[in-house]
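Enquirer: Provided below: entry26.pdb, containing PDB, C-alpha atoms and all ligand atoms.
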```
ATOM      1  CA  MET A  27     -12.305 120.575  43.225
ATOM      2  CA  ASN A  28     -12.519 118.536  40.033
ATOM      3  CA  LEU A  29     -13.517 120.023  36.664
ATOM      4  CA  SER A  30     -12.305 117.112  34.549
ATOM      5  CA  THR A  31     -15.605 116.689  32.681
ATOM      6  CA  LYS A  32     -16.013 120.418  32.026
ATOM      7  CA  VAL A  33     -15.262 122.647  29.044
ATOM      8  CA  ALA A  34     -14.384 126.277  29.840
ATOM      9  CA  ILE A  35     -13.995 129.369  27.679
ATOM     10  CA  VAL A  36     -11.786 132.085  29.176
ATOM     11  CA  THR A  37     -11.835 135.355  27.229
ATOM     12  CA  GLY A  38      -8.719 137.527  27.090
ATOM     13  CA  SER A  39      -6.560 134.676  28.405
ATOM     14  CA  GLY A  40      -3.340 135.345  26.490
ATOM     15  CA  ARG A  41      -1.828 137.057  29.529
ATOM     16  CA  GLY A  42      -2.478 138.478  32.997
ATOM     17  CA  ILE A  43      -5.474 137.395  35.038
ATOM     18  CA  GLY A  44      -7.095 135.503  32.121
ATOM     19  CA  ARG A  45      -3.959 133.418  31.591
ATOM     20  CA  ALA A  46      -3.846 132.560  35.323
ATOM     21  CA  ILE A  47      -7.535 131.556  35.221
ATOM     22  CA  ALA A  48      -7.020 129.343  32.145
ATOM     23  CA  LEU A  49      -4.036 127.608  33.792
ATOM     24  CA  LYS A  50      -5.878 127.142  37.111
ATOM     25  CA  LEU A  51      -8.987 125.652  35.457
ATOM     26  CA  ALA A  52      -6.740 123.285  33.474
ATOM     27  CA  GLU A  53      -4.896 122.361  36.677
ATOM     28  CA  VAL A  54      -8.179 121.165  38.222
ATOM     29  CA  GLY A  55      -8.947 119.164  35.101
ATOM     30  CA  ALA A  56     -10.971 121.383  32.751
ATOM     31  CA  THR A  57     -10.646 121.458  28.985
ATOM     32  CA  VAL A  58      -9.918 125.108  28.226
ATOM     33  CA  VAL A  59     -10.615 127.320  25.216
ATOM     34  CA  VAL A  60      -8.050 130.106  25.371
ATOM     35  CA  ASN A  61      -9.086 133.321  23.618
ATOM     36  CA  ASP A  62      -7.512 136.671  22.875
ATOM     37  CA  VAL A  63      -7.340 139.293  20.163
ATOM     38  CA  GLY A  64      -4.376 140.563  18.127
ATOM     39  CA  ASP A  65      -1.141 138.636  18.567
ATOM     40  CA  ALA A  66      -1.669 134.852  18.456
ATOM     41  CA  LYS A  67       1.704 133.981  20.028
ATOM     42  CA  PRO A  68       0.780 134.496  23.725
ATOM     43  CA  VAL A  69      -2.419 132.488  23.236
ATOM     44  CA  GLU A  70      -0.507 129.635  21.640
ATOM     45  CA  ALA A  71       2.004 129.770  24.496
ATOM     46  CA  VAL A  72      -0.789 129.411  27.093
ATOM     47  CA  ALA A  73      -2.322 126.585  25.035
ATOM     48  CA  GLY A  74       1.105 124.899  24.995
ATOM     49  CA  GLU A  75       1.377 125.159  28.794
ATOM     50  CA  ILE A  76      -2.065 123.609  29.213
ATOM     51  CA  LYS A  77      -1.326 120.766  26.798
ATOM     52  CA  ALA A  78       1.938 120.130  28.682
ATOM     53  CA  MET A  79      -0.247 119.485  31.787
ATOM     54  CA  GLY A  80      -1.956 116.753  29.791
ATOM     55  CA  ARG A  81      -5.187 118.718  29.313
ATOM     56  CA  GLU A  82      -7.152 119.536  26.192
ATOM     57  CA  CYS A  83      -6.895 123.104  24.953
ATOM     58  CA  LEU A  84      -8.131 125.044  21.941
ATOM     59  CA  PRO A  85      -6.773 128.507  21.110
ATOM     60  CA  VAL A  86      -9.343 130.752  19.365
ATOM     61  CA  MET A  87      -8.486 134.283  18.276
ATOM     62  CA  ALA A  88     -11.634 136.434  18.471
ATOM     63  CA  ASP A  89     -12.578 139.987  19.401
ATOM     64  CA  VAL A  90     -15.249 139.446  22.048
ATOM     65  CA  SER A  91     -16.735 142.897  21.494
ATOM     66  CA  LEU A  92     -17.951 141.719  18.051
ATOM     67  CA  SER A  93     -20.986 139.442  17.806
ATOM     68  CA  SER A  94     -19.671 137.648  14.677
ATOM     69  CA  ASP A  95     -16.392 136.788  16.453
ATOM     70  CA  VAL A  96     -18.253 135.613  19.561
ATOM     71  CA  ALA A  97     -20.482 133.383  17.412
ATOM     72  CA  ARG A  98     -17.354 131.827  15.849
ATOM     73  CA  LEU A  99     -15.721 131.355  19.283
ATOM     74  CA  VAL A 100     -18.771 129.408  20.470
ATOM     75  CA  GLU A 101     -19.099 127.440  17.208
ATOM     76  CA  GLU A 102     -15.435 126.382  17.282
ATOM     77  CA  THR A 103     -15.756 125.318  20.927
ATOM     78  CA  LEU A 104     -18.866 123.239  20.205
ATOM     79  CA  ALA A 105     -17.285 121.738  17.069
ATOM     80  CA  ALA A 106     -14.227 120.653  19.091
ATOM     81  CA  TYR A 107     -15.849 119.485  22.338
ATOM     82  CA  GLY A 108     -19.637 119.433  21.874
ATOM     83  CA  ARG A 109     -20.360 121.376  25.077
ATOM     84  CA  ILE A 110     -19.653 124.545  27.055
ATOM     85  CA  ASP A 111     -19.862 124.366  30.848
ATOM     86  CA  ILE A 112     -17.959 127.397  32.080
ATOM     87  CA  LEU A 113     -17.644 130.903  30.646
ATOM     88  CA  VAL A 114     -15.202 133.338  32.206
ATOM     89  CA  ASN A 115     -15.746 136.875  30.896
ATOM     90  CA  ASN A 116     -12.289 138.240  31.584
ATOM     91  CA  ALA A 117     -11.273 140.295  28.524
ATOM     92  CA  GLY A 118     -10.966 143.958  29.398
ATOM     93  CA  ILE A 119      -9.192 147.187  28.569
ATOM     94  CA  ASN A 120      -8.909 150.638  30.057
ATOM     95  CA  ARG A 121      -8.590 154.050  28.389
ATOM     96  CA  ASP A 122      -8.182 156.364  31.378
ATOM     97  CA  GLN A 123      -8.879 160.078  31.240
ATOM     98  CA  LEU A 124     -10.699 162.636  33.382
ATOM     99  CA  LEU A 125     -14.264 162.938  32.127
ATOM    100  CA  LEU A 126     -13.853 166.423  30.656
ATOM    101  CA  ARG A 127     -11.026 165.115  28.463
ATOM    102  CA  MET A 128     -12.543 161.676  27.736
ATOM    103  CA  SER A 129     -13.356 161.171  24.056
ATOM    104  CA  GLU A 130     -16.575 159.538  22.937
ATOM    105  CA  GLU A 131     -14.406 156.975  21.132
ATOM    106  CA  ASP A 132     -12.657 155.958  24.398
ATOM    107  CA  TRP A 133     -16.019 155.743  26.158
ATOM    108  CA  ASP A 134     -17.475 153.520  23.414
ATOM    109  CA  LYS A 135     -14.384 151.299  23.105
ATOM    110  CA  VAL A 136     -14.190 150.518  26.847
ATOM    111  CA  LEU A 137     -17.935 149.901  27.101
ATOM    112  CA  ALA A 138     -17.742 147.584  24.068
ATOM    113  CA  VAL A 139     -14.815 145.469  25.266
ATOM    114  CA  ASP A 140     -15.580 145.464  29.000
ATOM    115  CA  LEU A 141     -19.397 145.307  29.049
ATOM    116  CA  LYS A 142     -20.936 144.525  25.660
ATOM    117  CA  SER A 143     -18.630 141.489  25.395
ATOM    118  CA  VAL A 144     -20.152 140.133  28.612
ATOM    119  CA  PHE A 145     -23.646 140.445  27.107
ATOM    120  CA  LEU A 146     -22.564 138.859  23.793
ATOM    121  CA  CYS A 147     -20.622 135.928  25.269
ATOM    122  CA  THR A 148     -23.166 135.173  27.997
ATOM    123  CA  LYS A 149     -26.051 135.207  25.518
ATOM    124  CA  ALA A 150     -24.133 132.999  23.084
ATOM    125  CA  VAL A 151     -23.397 130.229  25.634
ATOM    126  CA  LEU A 152     -26.571 130.346  27.713
ATOM    127  CA  ARG A 153     -28.775 128.192  25.496
ATOM    128  CA  HIS A 154     -26.194 125.375  25.533
ATOM    129  CA  MET A 155     -25.754 125.565  29.299
ATOM    130  CA  ALA A 156     -29.511 125.648  29.924
ATOM    131  CA  LYS A 157     -30.008 122.604  27.667
ATOM    132  CA  GLN A 158     -27.470 120.581  29.668
ATOM    133  CA  ARG A 159     -28.916 122.033  32.912
ATOM    134  CA  TRP A 160     -25.457 122.942  34.201
ATOM    135  CA  GLY A 161     -23.426 126.057  33.688
ATOM    136  CA  ARG A 162     -21.159 128.561  35.357
ATOM    137  CA  ILE A 163     -20.784 132.148  34.180
ATOM    138  CA  ILE A 164     -18.155 134.210  35.961
ATOM    139  CA  SER A 165     -17.379 137.783  34.923
ATOM    140  CA  ILE A 166     -14.416 139.841  36.031
ATOM    141  CA  SER A 167     -15.674 143.153  37.355
ATOM    142  CA  SER A 168     -13.446 145.430  39.471
ATOM    143  CA  ILE A 169     -13.372 147.238  42.787
ATOM    144  CA  VAL A 170     -13.457 150.360  40.591
ATOM    145  CA  GLY A 171     -17.001 149.408  39.559
ATOM    146  CA  ILE A 172     -17.996 149.501  43.236
ATOM    147  CA  MET A 173     -15.958 152.429  44.613
ATOM    148  CA  GLY A 174     -15.310 154.562  41.507
ATOM    149  CA  ASN A 175     -11.849 155.867  40.612
ATOM    150  CA  LYS A 176     -10.748 159.243  39.278
ATOM    151  CA  GLY A 177      -9.978 159.057  35.551
ATOM    152  CA  GLN A 178     -11.892 155.825  34.982
ATOM    153  CA  ALA A 179     -15.525 156.872  34.360
ATOM    154  CA  ASN A 180     -15.784 154.593  31.305
ATOM    155  CA  TYR A 181     -14.111 151.633  33.025
ATOM    156  CA  ALA A 182     -16.069 152.106  36.283
ATOM    157  CA  ALA A 183     -19.361 152.315  34.384
ATOM    158  CA  ALA A 184     -18.573 149.112  32.477
ATOM    159  CA  LYS A 185     -17.466 147.238  35.606
ATOM    160  CA  ALA A 186     -20.522 148.428  37.582
ATOM    161  CA  GLY A 187     -22.631 147.361  34.597
ATOM    162  CA  ILE A 188     -21.241 143.846  34.907
ATOM    163  CA  ILE A 189     -22.538 143.698  38.481
ATOM    164  CA  GLY A 190     -26.097 144.671  37.524
ATOM    165  CA  PHE A 191     -25.979 142.276  34.580
ATOM    166  CA  THR A 192     -24.707 139.432  36.797
ATOM    167  CA  ARG A 193     -27.403 139.887  39.434
ATOM    168  CA  THR A 194     -30.120 140.011  36.762
ATOM    169  CA  ILE A 195     -29.015 137.014  34.684
ATOM    170  CA  ALA A 196     -28.501 134.990  37.873
ATOM    171  CA  LYS A 197     -32.238 135.404  38.521
ATOM    172  CA  GLU A 198     -33.198 134.673  34.907
ATOM    173  CA  VAL A 199     -31.320 131.360  34.631
ATOM    174  CA  ALA A 200     -31.302 129.942  38.166
ATOM    175  CA  SER A 201     -34.037 127.443  37.314
ATOM    176  CA  HIS A 202     -31.854 126.053  34.492
ATOM    177  CA  GLY A 203     -28.977 125.013  36.766
ATOM    178  CA  VAL A 204     -26.757 127.876  35.638
ATOM    179  CA  THR A 205     -25.066 130.110  38.221
ATOM    180  CA  VAL A 206     -23.884 133.622  37.381
ATOM    181  CA  ASN A 207     -21.364 135.435  39.551
ATOM    182  CA  ALA A 208     -18.784 138.201  39.354
ATOM    183  CA  VAL A 209     -15.347 138.545  40.841
ATOM    184  CA  ALA A 210     -14.220 142.072  41.701
ATOM    185  CA  PRO A 211     -10.436 142.240  41.953
ATOM    186  CA  GLY A 212      -8.737 145.138  43.677
ATOM    187  CA  PHE A 213      -5.296 146.017  42.344
ATOM    188  CA  ILE A 214      -3.598 143.028  40.764
ATOM    189  CA  ASP A 215      -0.046 142.909  39.457
ATOM    190  CA  THR A 216      -0.508 142.640  35.659
ATOM    191  CA  GLU A 217       0.410 144.689  32.574
ATOM    192  CA  MET A 218      -2.733 146.773  33.227
ATOM    193  CA  THR A 219      -1.379 147.983  36.583
ATOM    194  CA  GLN A 220       2.329 147.857  35.672
ATOM    195  CA  ARG A 221       1.609 150.981  33.593
ATOM    196  CA  LEU A 222       0.781 152.984  36.780
ATOM    197  CA  LYS A 223       3.413 155.425  38.086
ATOM    198  CA  GLU A 224       5.512 154.015  40.960
ATOM    199  CA  GLU A 225       4.505 156.784  43.406
ATOM    200  CA  TRP A 226       0.791 156.156  42.658
ATOM    201  CA  LYS A 227       1.315 152.424  43.243
ATOM    202  CA  GLN A 228       2.904 153.159  46.654
ATOM    203  CA  GLU A 229      -0.044 155.447  47.491
ATOM    204  CA  LEU A 230      -2.538 152.729  46.483
ATOM    205  CA  LYS A 231      -0.754 150.141  48.617
ATOM    206  CA  ARG A 232      -1.263 152.342  51.679
ATOM    207  CA  HIS A 233      -5.034 151.823  51.172
ATOM    208  CA  ILE A 234      -4.833 148.034  50.889
ATOM    209  CA  PRO A 235      -5.255 146.428  54.345
ATOM    210  CA  LEU A 236      -3.229 143.376  53.273
ATOM    211  CA  GLY A 237      -0.490 145.770  52.176
ATOM    212  CA  ASP A 238       0.240 144.793  48.582
ATOM    213  CA  PHE A 239      -1.207 144.217  45.113
ATOM    214  CA  GLY A 240      -2.698 140.769  44.524
ATOM    215  CA  SER A 241      -1.424 138.263  41.987
ATOM    216  CA  PRO A 242      -3.351 136.914  38.969
ATOM    217  CA  ARG A 243      -3.304 133.576  40.750
ATOM    218  CA  ASP A 244      -5.255 135.066  43.695
ATOM    219  CA  VAL A 245      -8.083 135.943  41.273
ATOM    220  CA  ALA A 246      -7.854 132.591  39.505
ATOM    221  CA  GLU A 247      -8.381 130.690  42.780
ATOM    222  CA  ALA A 248     -11.654 132.563  43.403
ATOM    223  CA  VAL A 249     -12.838 131.949  39.828
ATOM    224  CA  ALA A 250     -12.047 128.231  40.024
ATOM    225  CA  PHE A 251     -14.069 127.955  43.239
ATOM    226  CA  LEU A 252     -17.093 129.691  41.678
ATOM    227  CA  ALA A 253     -16.758 127.376  38.658
ATOM    228  CA  SER A 254     -16.750 124.256  40.812
ATOM    229  CA  GLU A 255     -19.540 121.919  41.871
ATOM    230  CA  GLU A 256     -18.825 123.005  45.452
ATOM    231  CA  ALA A 257     -20.150 126.524  44.640
ATOM    232  CA  LYS A 258     -23.517 125.222  43.360
ATOM    233  CA  TYR A 259     -25.598 127.239  45.855
ATOM    234  CA  ILE A 260     -23.879 130.558  45.123
ATOM    235  CA  THR A 261     -25.361 132.796  42.439
ATOM    236  CA  GLY A 262     -25.803 136.509  41.774
ATOM    237  CA  GLN A 263     -22.806 137.352  43.974
ATOM    238  CA  VAL A 264     -19.835 139.655  43.644
ATOM    239  CA  LEU A 265     -16.741 138.219  45.307
ATOM    240  CA  GLY A 266     -14.085 140.817  46.171
ATOM    241  CA  VAL A 267     -10.462 139.729  45.757
ATOM    242  CA  ASP A 268      -8.930 142.985  46.908
ATOM    243  CA  GLY A 269      -6.747 142.513  49.976
ATOM    244  CA  GLY A 270      -9.483 143.909  52.193
ATOM    245  CA  MET A 271     -10.022 147.218  50.402
TER     246      MET A 271
HETATM  247  N1  LIG B 301      -5.097 144.166  36.877
HETATM  248  C1  LIG B 301      -5.951 144.649  37.768
HETATM  249  O1  LIG B 301      -5.578 145.272  38.769
HETATM  250  C2  LIG B 301      -7.434 144.436  37.592
HETATM  251  C3  LIG B 301      -8.272 144.827  38.625
HETATM  252  C4  LIG B 301      -9.641 144.636  38.510
HETATM  253  C5  LIG B 301     -10.153 144.065  37.371
HETATM  254  N2  LIG B 301      -9.321 143.698  36.366
HETATM  255  C6  LIG B 301      -9.940 143.097  35.186
HETATM  256  O2  LIG B 301      -9.411 141.811  34.978
HETATM  257  C7  LIG B 301      -9.435 141.495  33.592
HETATM  258  C8  LIG B 301      -8.043 141.094  33.135
HETATM  259  O3  LIG B 301      -7.175 142.176  33.388
HETATM  260  P1  LIG B 301      -5.580 142.080  33.324
HETATM  261  O4  LIG B 301      -5.066 142.940  34.402
HETATM  262  O5  LIG B 301      -5.140 140.669  33.215
HETATM  263  O6  LIG B 301      -5.342 142.883  31.952
HETATM  264  P2  LIG B 301      -4.368 142.606  30.744
HETATM  265  O7  LIG B 301      -4.391 143.845  29.941
HETATM  266  O8  LIG B 301      -3.047 142.102  31.225
HETATM  267  O9  LIG B 301      -5.108 141.415  29.973
HETATM  268  C9  LIG B 301      -6.329 141.589  29.317
HETATM  269  C10 LIG B 301      -6.378 140.631  28.159
HETATM  270  O10 LIG B 301      -7.612 140.836  27.449
HETATM  271  C11 LIG B 301      -7.330 140.842  26.067
HETATM  272  N3  LIG B 301      -8.352 141.567  25.313
HETATM  273  C12 LIG B 301      -8.512 142.913  25.230
HETATM  274  N4  LIG B 301      -9.512 143.212  24.396
HETATM  275  C13 LIG B 301     -10.006 142.024  23.922
HETATM  276  C14 LIG B 301     -11.039 141.690  23.013
HETATM  277  N5  LIG B 301     -11.771 142.632  22.416
HETATM  278  N6  LIG B 301     -11.277 140.381  22.763
HETATM  279  C15 LIG B 301     -10.524 139.422  23.366
HETATM  280  N7  LIG B 301      -9.526 139.689  24.236
HETATM  281  C16 LIG B 301      -9.274 140.981  24.510
HETATM  282  C17 LIG B 301      -5.971 141.526  25.971
HETATM  283  O11 LIG B 301      -5.350 141.307  24.718
HETATM  284  C18 LIG B 301      -5.239 140.903  27.145
HETATM  285  O12 LIG B 301      -4.599 139.699  26.807
HETATM  286  C19 LIG B 301      -9.967 142.736  32.896
HETATM  287  O13 LIG B 301     -11.354 142.613  32.685
HETATM  288  C20 LIG B 301      -9.680 143.834  33.908
HETATM  289  O14 LIG B 301     -10.539 144.931  33.744
HETATM  290  C21 LIG B 301      -7.974 143.866  36.448
END
```
Give the structure from the file, written as structure tokens.
Ligand SMILES: NC(=O)c1ccc[n+]([C@@H]2O[C@H](COP(=O)([O-])OP(=O)(O)OC[C@H]3O[C@@H](n4cnc5c(N)ncnc54)[C@H](O)[C@@H]3O)[C@@H](O)[C@H]2O)c1
Expert:
Amino acid sequence: MNLSTKVAIVTGSGRGIGRAIALKLAEVGATVVVNDVGDAKPVEAVAGEIKAMGRECLPVMADVSLSSDVARLVEETLAAYGRIDILVNNAGINRDQLLLRMSEEDWDKVLAVDLKSVFLCTKAVLRHMAKQRWGRIISISSIVGIMGNKGQANYAAAKAGIIGFTRTIAKEVASHGVTVNAVAPGFIDTEMTQRLKEEWKQELKRHIPLGDFGSPRDVAEAVAFLASEEAKYITGQVLGVDGGM
């Protein structure tokens, strides 16, 4: 796997799965645009790690649920490197609550960050990828978008939405040399899942055939494969990284 001529944007890559994806893509040679929202320090730290590997890296703070921020993210990437080859739609949040207690605000916020961002970022990079007749779009869905999960109606709807979006855009852009796939992690050990109660985590693990939560690196390996030349005949797919769930 060699991505040394490629430029990748990884959204929400200041920590967790996004950080692991940014580091993995850099490891196989890619130039990486690291993005997050809020605190710039973690993003700069990831950028520092990538530069220490001898790779190019640009940190860009942007809220990917806002079209103006997404436009700036793409403009800054093009200004720095003149191309965009890989987009990883990773940024995501959850605001869990049983439906009867879920506020409209929490519904809207999760749909905006987890699903609208995928529409905005994909649309913003597509023209550039189509022009160069090569592109890889990989979005991080979730097993919750496939199976559902109590207390996560907003999150499950957004993650299921990513799957429908992925399968549709894959068909729309196949003739332009752009592949569009999703990765659906199961339960991965990050800050998102570290918030779960210990007894609930033990209960979840009983339902994972491989017996434990995955690591961010496990997801990153799957993303790097889908981003590679070797995956050129794979599009419109959802790859589970879920320990067999
Ligand atoms: N951890 C899991 O078990 C798991 C399972 C399935 C899917 N996922 C998905 O994987 C992705 C990464 O999850 P994680 O576990 O690393 O979570 P995380 O909370 O550790 O990291 C998410 C990152 O996204 C950033 N982010 C949030 N809103 C943003 C915005 N508007 N613009 C830019 N960046 C933003 C956050 O600041 C954070 O750095 C998410 O889409 C999540 O839904 C996670």
Enquirer: From (-10.3, 124.0, 27.5), in the file's coordinates, out to 6 Å: which residues are reached, counting only C-alpha atoms? Answer as a PyMOL selection string.
Expert: chain A and resi 33-34+56-59+82-83
Enquirer: Just checking: using all atoms listed in the file, which residue out of A:Ser93, A:Thr37, A:Asn175, A:Ser30 ends up closest to Leu230 (chain A)?
Expert: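 Ranking A:Ser93, A:Thr37, A:Asn175, A:Ser30 by distance to Leu230 (chain A), first place goes to A:Asn175.
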Enquirer: With the file shown as input, list the residues that the PyMOL selection byres (((chain A and resi 233-243) around 7) and not hetatm) selects, as a PyMOL selection string.
Expert: chain A and resi 42-43+46+213-215+230-232+244-247+269-271
Enquirer: Compute the set of protein, DNA and RNA residues whose minimum atom distance to ligand LIG 301 (chain B) is at most 8 Å, using all atoms listed in the file, and state it as a PyMOL selection string.
Expert: chain A and resi 37-45+61-65+87-92+115-120+138-140+143+166-170+181+185+210-219+239-240+242
Enquirer: For the residues in the current selection, export C-alpha atoms as a compact mmCIF listing (two decimals), in the coordinates of the input.
Expert:
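Contents of the output file part08.txt:
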```
# COMPACT_ATOMS: atom_id res chain seq x y z
CA THR A 37 -11.84 135.35 27.23
CA GLY A 38 -8.72 137.53 27.09
CA SER A 39 -6.56 134.68 28.40
CA GLY A 40 -3.34 135.34 26.49
CA ARG A 41 -1.83 137.06 29.53
CA GLY A 42 -2.48 138.48 33.00
CA ILE A 43 -5.47 137.40 35.04
CA GLY A 44 -7.10 135.50 32.12
CA ARG A 45 -3.96 133.42 31.59
CA ASN A 61 -9.09 133.32 23.62
CA ASP A 62 -7.51 136.67 22.88
CA VAL A 63 -7.34 139.29 20.16
CA GLY A 64 -4.38 140.56 18.13
CA ASP A 65 -1.14 138.64 18.57
CA MET A 87 -8.49 134.28 18.28
CA ALA A 88 -11.63 136.43 18.47
CA ASP A 89 -12.58 139.99 19.40
CA VAL A 90 -15.25 139.45 22.05
CA SER A 91 -16.74 142.90 21.49
CA LEU A 92 -17.95 141.72 18.05
CA ASN A 115 -15.75 136.88 30.90
CA ASN A 116 -12.29 138.24 31.58
CA ALA A 117 -11.27 140.29 28.52
CA GLY A 118 -10.97 143.96 29.40
CA ILE A 119 -9.19 147.19 28.57
CA ASN A 120 -8.91 150.64 30.06
CA ALA A 138 -17.74 147.58 24.07
CA VAL A 139 -14.82 145.47 25.27
CA ASP A 140 -15.58 145.46 29.00
CA SER A 143 -18.63 141.49 25.40
CA ILE A 166 -14.42 139.84 36.03
CA SER A 167 -15.67 143.15 37.35
CA SER A 168 -13.45 145.43 39.47
CA ILE A 169 -13.37 147.24 42.79
CA VAL A 170 -13.46 150.36 40.59
CA TYR A 181 -14.11 151.63 33.02
CA LYS A 185 -17.47 147.24 35.61
CA ALA A 210 -14.22 142.07 41.70
CA PRO A 211 -10.44 142.24 41.95
CA GLY A 212 -8.74 145.14 43.68
CA PHE A 213 -5.30 146.02 42.34
CA ILE A 214 -3.60 143.03 40.76
CA ASP A 215 -0.05 142.91 39.46
CA THR A 216 -0.51 142.64 35.66
CA GLU A 217 0.41 144.69 32.57
CA MET A 218 -2.73 146.77 33.23
CA THR A 219 -1.38 147.98 36.58
CA PHE A 239 -1.21 144.22 45.11
CA GLY A 240 -2.70 140.77 44.52
CA PRO A 242 -3.35 136.91 38.97
```
Enquirer: Would you compute the distance between CA of Ser201 (chain A) and CA of Thr148 (chain A)? Give it in Å to one decimal.
Expert: 16.3 Å
Enquirer: So what do you get for CA of Arg193 (chain A) versus CA of Ala208 (chain A), distance-wise?
Expert: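 Separation between CA of Arg193 (chain A) and CA of Ala208 (chain A): 8.8 Å.
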Enquirer: Which residues match the PyMOL selection byres (((chain A and resi 183) around 10) and not hetatm) in the file above, as a list in words?
Expert: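 This file, filtered by the PyMOL selection byres (((chain A and resi 183) around 10) and not hetatm), leaves Trp133, Val136, Leu137, Asp140, Leu141, Val170, Gly171, Ile172, Gly174, Gln178, Ala179, Asn180, Tyr181, Ala182, Ala184, Lys185, Ala186, Gly187 and Ile188 of chain A.
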Enquirer: Using C-alpha atoms, can you export the residues from the last selection as an mmCIF file, in the frame of the given file?
Expert:
```cif
data_model
loop_
_atom_site.group_PDB
_atom_site.id
_atom_site.type_symbol
_atom_site.label_atom_id
_atom_site.label_comp_id
_atom_site.auth_asym_id
_atom_site.auth_seq_id
_atom_site.Cartn_x
_atom_site.Cartn_y
_atom_site.Cartn_z
ATOM 1 C CA TRP A 133 -16.019 155.743 26.158
ATOM 2 C CA VAL A 136 -14.190 150.518 26.847
ATOM 3 C CA LEU A 137 -17.935 149.901 27.101
ATOM 4 C CA ASP A 140 -15.580 145.464 29.000
ATOM 5 C CA LEU A 141 -19.397 145.307 29.049
ATOM 6 C CA VAL A 170 -13.457 150.360 40.591
ATOM 7 C CA GLY A 171 -17.001 149.408 39.559
ATOM 8 C CA ILE A 172 -17.996 149.501 43.236
ATOM 9 C CA GLY A 174 -15.310 154.562 41.507
ATOM 10 C CA GLN A 178 -11.892 155.825 34.982
ATOM 11 C CA ALA A 179 -15.525 156.872 34.360
ATOM 12 C CA ASN A 180 -15.784 154.593 31.305
ATOM 13 C CA TYR A 181 -14.111 151.633 33.025
ATOM 14 C CA ALA A 182 -16.069 152.106 36.283
ATOM 15 C CA ALA A 184 -18.573 149.112 32.477
ATOM 16 C CA LYS A 185 -17.466 147.238 35.606
ATOM 17 C CA ALA A 186 -20.522 148.428 37.582
ATOM 18 C CA GLY A 187 -22.631 147.361 34.597
ATOM 19 C CA ILE A 188 -21.241 143.846 34.907
#
```
Enquirer: So, counting only C-alpha atoms, which residue among A:Arg121, A:Asn28, A:Leu99, A:Asp134 is closest to Val60 (chain A)?
Expert: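 For Val60 (chain A), the nearest of the given residues is A:Leu99.
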Enquirer: What is the distance, in Å and to one decimal place, between CA of Glu70 (chain A) and CA of Val36 (chain A)?
Expert: 13.8 Å
Enquirer: Between A:Ala200, A:Leu146, A:Ala257, A:Ile110, which residue has the minimum interatomic distance to Gln158 (chain A), considering all atoms listed in the file?
Expert: A:Ile110
Enquirer: Got a sec: who's within 8 Å of Val264 (chain A), counting only C-alpha atoms, leaving out chain neighbours fewer than 2 positions off, as a PyMOL selection string?
Expert: chain A and resi 189+207-210+262+266
Enquirer: Run through the PyMOL selection byres (((chain A and resi 155) around 10) and not hetatm) on the given coordinates and return the selected residues as a VMD selection string.
Expert: chain A and resid 109 to 113 150 to 154 156 to 163 199 202 to 204
Enquirer: List every protein, DNA or RNA residue that has an atom no more than 12 Å from (-1.9, 114.1, 29.5) in the file's coordinate frame, counting only C-alpha atoms, and report them as a list in words.
Expert: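 Looking at atoms near the point gives Ser30, Ala52, Glu53, Gly55, Thr57, Glu75, Ile76, Lys77, Ala78, Met79, Gly80, Arg81, Glu82 and Cys83 of chain A.
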Enquirer: Given the choices A:Val114, A:Val144, A:Ser165, A:Val86, which gets closest to Ile47 (chain A) if the distance is worked out from all atoms listed in the file?
Expert: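 Of all the options, A:Val114 lies closest to Ile47 (chain A).
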Enquirer: With only C-alpha atoms as the atoms that count, which of A:Val206, A:Ala196, A:Val72, A:Ile164 lies nearest to Val249 (chain A)?
Expert: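 Comparing A:Val206, A:Ala196, A:Val72, A:Ile164 against Val249 (chain A), the winner is A:Ile164.
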Enquirer: Could you work out an axis-aligned box for region 75-92 of chain A, taking every atom the file lists and adding 3 Å on each side, and report centre and edge lengths in Å to one decimal, as JSON?
Expert:
```
{"center_x": -8.0, "center_y": 129.8, "center_z": 24.9, "size_x": 25.9, "size_y": 32.1, "size_z": 19.7}
```
Enquirer: Taking the partial coordinates given, rebuild region 157-163 of chain A to contain N, CA and C atoms; return it as a short mmCIF file (atom, residue, chain, number, x, y, z; two decimals), in the frame of the given file.
Expert:
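Below is the file that was written, rebuild27.cif:
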```
data_model
loop_
_atom_site.label_atom_id
_atom_site.label_comp_id
_atom_site.auth_asym_id
_atom_site.auth_seq_id
_atom_site.Cartn_x
_atom_site.Cartn_y
_atom_site.Cartn_z
N LYS A 157 -29.60 123.91 28.21
CA LYS A 157 -30.01 122.60 27.67
C LYS A 157 -29.39 121.46 28.48
N GLN A 158 -28.12 121.65 28.89
CA GLN A 158 -27.47 120.58 29.67
C GLN A 158 -27.75 120.71 31.17
N ARG A 159 -28.52 121.76 31.52
CA ARG A 159 -28.92 122.03 32.91
C ARG A 159 -27.73 122.12 33.86
N TRP A 160 -26.64 122.67 33.35
CA TRP A 160 -25.46 122.94 34.20
C TRP A 160 -24.63 124.02 33.53
N GLY A 161 -24.30 125.03 34.26
CA GLY A 161 -23.43 126.06 33.69
C GLY A 161 -22.91 126.99 34.76
N ARG A 162 -21.76 127.57 34.45
CA ARG A 162 -21.16 128.56 35.36
C ARG A 162 -20.72 129.75 34.51
N ILE A 163 -21.23 130.93 34.86
CA ILE A 163 -20.78 132.15 34.18
C ILE A 163 -20.14 133.04 35.24
#
```
